[in-house]
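Chemist: Contents of start.txt (compact mmCIF, C-alpha atoms) are below:
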```txt
# COMPACT_ATOMS: atom_id res chain seq x y z
CA MET A 29 151.80 42.11 196.52
CA PRO A 30 151.77 45.24 194.32
CA ALA A 31 152.26 44.93 190.57
CA LYS A 32 155.70 45.74 189.22
CA SER A 33 156.05 49.07 187.53
CA HIS A 34 157.74 49.17 184.17
CA SER A 35 158.13 52.96 184.22
CA ASN A 36 161.74 52.73 185.46
CA ARG A 37 162.83 50.74 182.41
CA LYS A 38 164.40 52.62 179.58
CA PHE A 39 163.78 51.36 176.10
CA HIS A 40 165.06 52.48 172.75
CA ASP A 41 162.40 53.72 170.36
CA PRO A 42 163.63 52.80 166.83
CA ARG A 43 161.42 55.40 165.18
CA MET A 44 162.84 58.78 164.14
CA LEU A 45 160.05 61.13 165.20
CA VAL A 46 160.14 64.86 164.50
CA GLU A 47 157.58 67.62 164.90
CA HIS A 48 156.70 69.30 161.60
CA PRO A 49 154.68 72.55 161.59
CA VAL A 50 151.52 72.57 159.51
CA ALA A 51 150.67 75.67 157.52
CA GLU A 52 147.46 77.03 158.96
CA ILE A 53 145.20 79.80 157.78
CA HIS A 54 143.97 80.38 161.30
CA ALA A 55 146.00 81.98 164.07
CA THR A 56 146.60 78.69 165.89
CA GLN A 57 149.90 76.95 165.19
CA ARG A 58 149.63 73.18 164.77
CA SER A 59 152.18 70.48 164.14
CA VAL A 60 152.24 66.84 163.21
CA THR A 61 154.63 64.13 164.26
CA ILE A 62 156.40 62.50 161.33
CA ASN A 63 158.33 59.24 161.39
CA LEU A 64 161.37 59.96 159.21
CA SER A 65 162.22 56.29 158.90
CA GLU A 66 158.79 55.49 157.45
CA SER A 67 159.85 55.33 153.81
CA PRO A 68 163.22 54.61 152.22
CA LEU A 69 163.11 57.99 150.50
CA SER A 70 162.58 59.92 153.73
CA TRP A 71 165.25 57.78 155.42
CA LEU A 72 167.78 58.82 152.75
CA HIS A 73 166.70 62.46 152.94
CA ALA A 74 166.93 62.55 156.74
CA ARG A 75 170.55 61.41 156.55
CA GLY A 76 171.53 63.98 153.92
CA HIS A 77 171.78 61.62 150.94
CA LEU A 78 169.02 63.42 148.99
CA SER A 79 168.45 67.12 148.37
CA ASN A 80 165.15 68.80 149.15
CA ARG A 81 164.45 68.97 145.42
CA GLN A 82 165.04 65.23 144.99
CA MET A 83 162.84 64.47 147.99
CA LEU A 84 160.04 66.67 146.62
CA ALA A 85 160.31 64.97 143.21
CA GLY A 86 160.00 61.54 144.83
CA GLU A 87 157.05 62.60 146.98
CA THR A 88 155.35 64.07 143.92
CA LEU A 89 155.71 60.77 142.07
CA ARG A 90 154.38 58.88 145.09
CA GLY A 91 151.52 61.39 145.31
CA ASP A 92 150.58 60.52 141.73
CA TYR A 93 151.08 56.78 142.21
CA GLU A 94 148.75 56.35 145.18
CA PRO A 95 145.52 57.67 143.59
CA ALA A 96 146.47 56.15 140.23
CA ALA A 97 146.80 52.72 141.83
CA LEU A 98 143.36 52.84 143.47
CA GLY A 99 140.68 50.65 142.02
CA PRO A 100 137.41 51.95 140.62
CA HIS A 101 134.86 53.41 142.98
CA VAL A 102 132.27 50.67 143.40
CA ALA A 103 130.21 52.08 146.26
CA MET A 104 127.89 55.06 146.22
CA SER A 105 129.66 58.39 145.97
CA TRP A 106 128.57 61.00 148.50
CA GLU A 107 130.76 63.74 147.02
CA ASN A 108 128.05 65.60 145.07
CA ILE A 109 125.20 65.40 147.56
CA PRO A 110 124.04 68.94 148.47
CA ARG A 111 124.77 69.89 152.06
CA SER A 112 121.80 72.23 152.35
CA ARG A 113 118.35 72.77 150.83
CA GLN A 114 119.71 75.35 148.41
CA LYS A 115 120.22 74.50 144.76
CA ARG A 116 123.46 72.83 143.98
CA GLY A 117 125.83 75.05 142.04
CA VAL A 118 128.58 74.12 139.65
CA PRO A 119 130.64 71.25 141.10
CA SER A 120 133.95 72.43 142.48
CA GLY A 121 136.93 70.65 140.96
CA LEU A 122 137.19 67.18 139.56
CA ASN A 123 135.43 64.10 140.83
CA ARG A 124 137.34 61.11 142.18
CA THR A 125 137.50 59.27 138.85
CA GLU A 126 138.79 62.31 137.01
CA ARG A 127 141.45 62.91 139.68
CA MET A 128 142.49 59.26 139.38
CA ILE A 129 142.76 59.49 135.58
CA GLN A 130 144.85 62.66 135.79
CA ALA A 131 147.16 61.13 138.42
CA LYS A 132 147.57 58.01 136.27
CA SER A 133 148.41 60.17 133.27
CA ARG A 134 151.04 62.13 135.24
CA PHE A 135 152.47 58.91 136.72
CA ASP A 136 152.73 57.25 133.31
CA GLY A 137 154.34 60.39 131.89
CA ALA A 138 156.88 60.47 134.72
CA LEU A 139 157.86 56.82 134.20
CA THR A 140 158.12 57.41 130.45
CA ALA A 141 160.39 60.40 131.11
CA LEU A 142 162.58 58.18 133.32
CA GLY A 143 162.88 55.47 130.71
CA PRO A 144 163.19 51.74 131.37
CA ASP A 145 166.58 51.98 133.10
CA LEU A 146 165.56 54.46 135.80
CA SER A 147 161.86 53.73 136.21
CA ASP A 148 162.41 50.33 137.86
CA ILE A 149 164.44 51.61 140.83
CA ALA A 150 162.18 54.67 141.16
CA TRP A 151 159.03 52.55 141.26
CA ARG A 152 160.51 50.07 143.73
CA VAL A 153 161.87 52.61 146.22
CA ILE A 154 159.45 55.53 145.88
CA CYS A 155 156.13 53.85 145.17
CA VAL A 156 156.41 50.40 146.70
CA GLY A 157 158.66 51.42 149.62
CA GLU A 158 161.31 48.78 148.98
CA SER A 159 164.73 49.54 150.46
CA VAL A 160 167.56 50.44 148.11
CA PRO A 161 169.64 47.33 149.02
CA ALA A 162 166.61 45.09 148.43
CA GLY A 163 166.06 46.72 145.05
CA GLU A 164 169.72 46.19 144.16
CA ARG A 165 169.44 42.51 145.01
CA GLU A 166 166.20 42.04 143.06
CA MET A 167 167.70 43.66 139.96
CA SER A 168 171.10 41.94 140.39
CA TRP A 169 172.91 45.27 140.63
CA PRO A 170 176.25 45.81 142.37
CA VAL A 171 176.08 46.86 146.02
CA ARG A 172 175.75 50.63 146.57
CA SER A 173 174.83 51.34 142.95
CA GLY A 174 171.11 51.75 143.65
CA LYS A 175 171.44 55.01 145.57
CA LEU A 176 173.38 56.65 142.73
CA VAL A 177 170.87 55.50 140.10
CA LEU A 178 167.97 56.57 142.34
CA LYS A 179 169.46 60.06 142.67
CA ILE A 180 169.74 60.32 138.87
CA ALA A 181 166.11 59.20 138.57
CA LEU A 182 165.00 61.77 141.16
CA ASP A 183 166.85 64.54 139.31
CA ARG A 184 165.09 63.55 136.09
CA LEU A 185 161.74 63.47 137.93
CA ALA A 186 162.40 66.98 139.25
CA VAL A 187 162.85 68.16 135.66
CA PHE A 188 159.66 66.35 134.59
CA TYR A 189 157.61 67.88 137.44
CA ARG A 190 159.28 71.29 136.86
CA ILE A 191 160.53 71.57 140.44
CA PRO A 192 162.80 74.64 140.70
CA PHE A 193 166.36 74.43 142.00
```
Would you write out, as structure tokens, the structure that this file holds?
Modeler:
Amino acid sequence: MPAKSHSNRKFHDPRMLVEHPVAEIHATQRSVTINLSESPLSWLHARGHLSNRQMLAGETLRGDYEPAALGPHVAMSWENIPRSRQKRGVPSGLNRTERMIQAKSRFDGALTALGPDLSDIAWRVICVGESVPAGEREMSWPVRSGKLVLKIALDRLAVFYRIPF
């Protein structure tokens, strides 16, 4: 008896996948598939609740949070090993520890600019990935107040990161 085929079944994929072009220097055009429902911030942006500027401010904060939250490098670093027999020149850019320190400094500055009232919701939603309703419950806020406060925090972050209108 032949095995049953499941190809005739239709199923609902809960992910919101979109193709996003990647800027390339070469002539070939490439794209990546992005799951818009991956983070609460991108979920809000995909539904028109956040402006592009607010989304960029949130992603910038998250971009500073991730390297700042990494632990120290305890294994051998292969970053400065010469790739050829030629003499090694001046190192290009900062090493991992220096990048981590700078990201931590920017992250701390951003949270200081937000103040204690706005930094909590921003950290929960942007950095940790907690949903806005879950953040409202954890902070004992009224329902639907978190999105408004988050938008205010994102506007203040955009000013801190000097993101143009």
Chemist: Quick one, how far is CA of Ala96 (chain A) from CA of Phe193 (chain A)?
Modeler: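 If I compute the distance from CA of Ala96 (chain A) to CA of Phe193 (chain A), I get 27.1 Å.
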Chemist: So which residues touch Ala162 (chain A) within 12 Å, counting all atoms listed in the file, skipping near sequence neighbours fewer than 3 positions away, as a PyMOL selection string?
Modeler: chain A and resi 68+149+152-153+156-159+165-175
Chemist: Could you check how far CA of Pro144 (chain A) sits from CA of Thr125 (chain A), in Å to one decimal?
Modeler: 27.8 Å
Chemist: Measuring atom to atom with all atoms listed in the file, identify which of A:Gly163, A:Glu94, A:Ile154, A:Ala186 is nearest to Ser79 (chain A).
Modeler: A:Ala186
Chemist: Could you check which of A:Arg184, A:Glu87, A:Trp151, A:Pro95 is closest to Ala131 (chain A), using all atoms listed in the file?
Modeler: A:Pro95
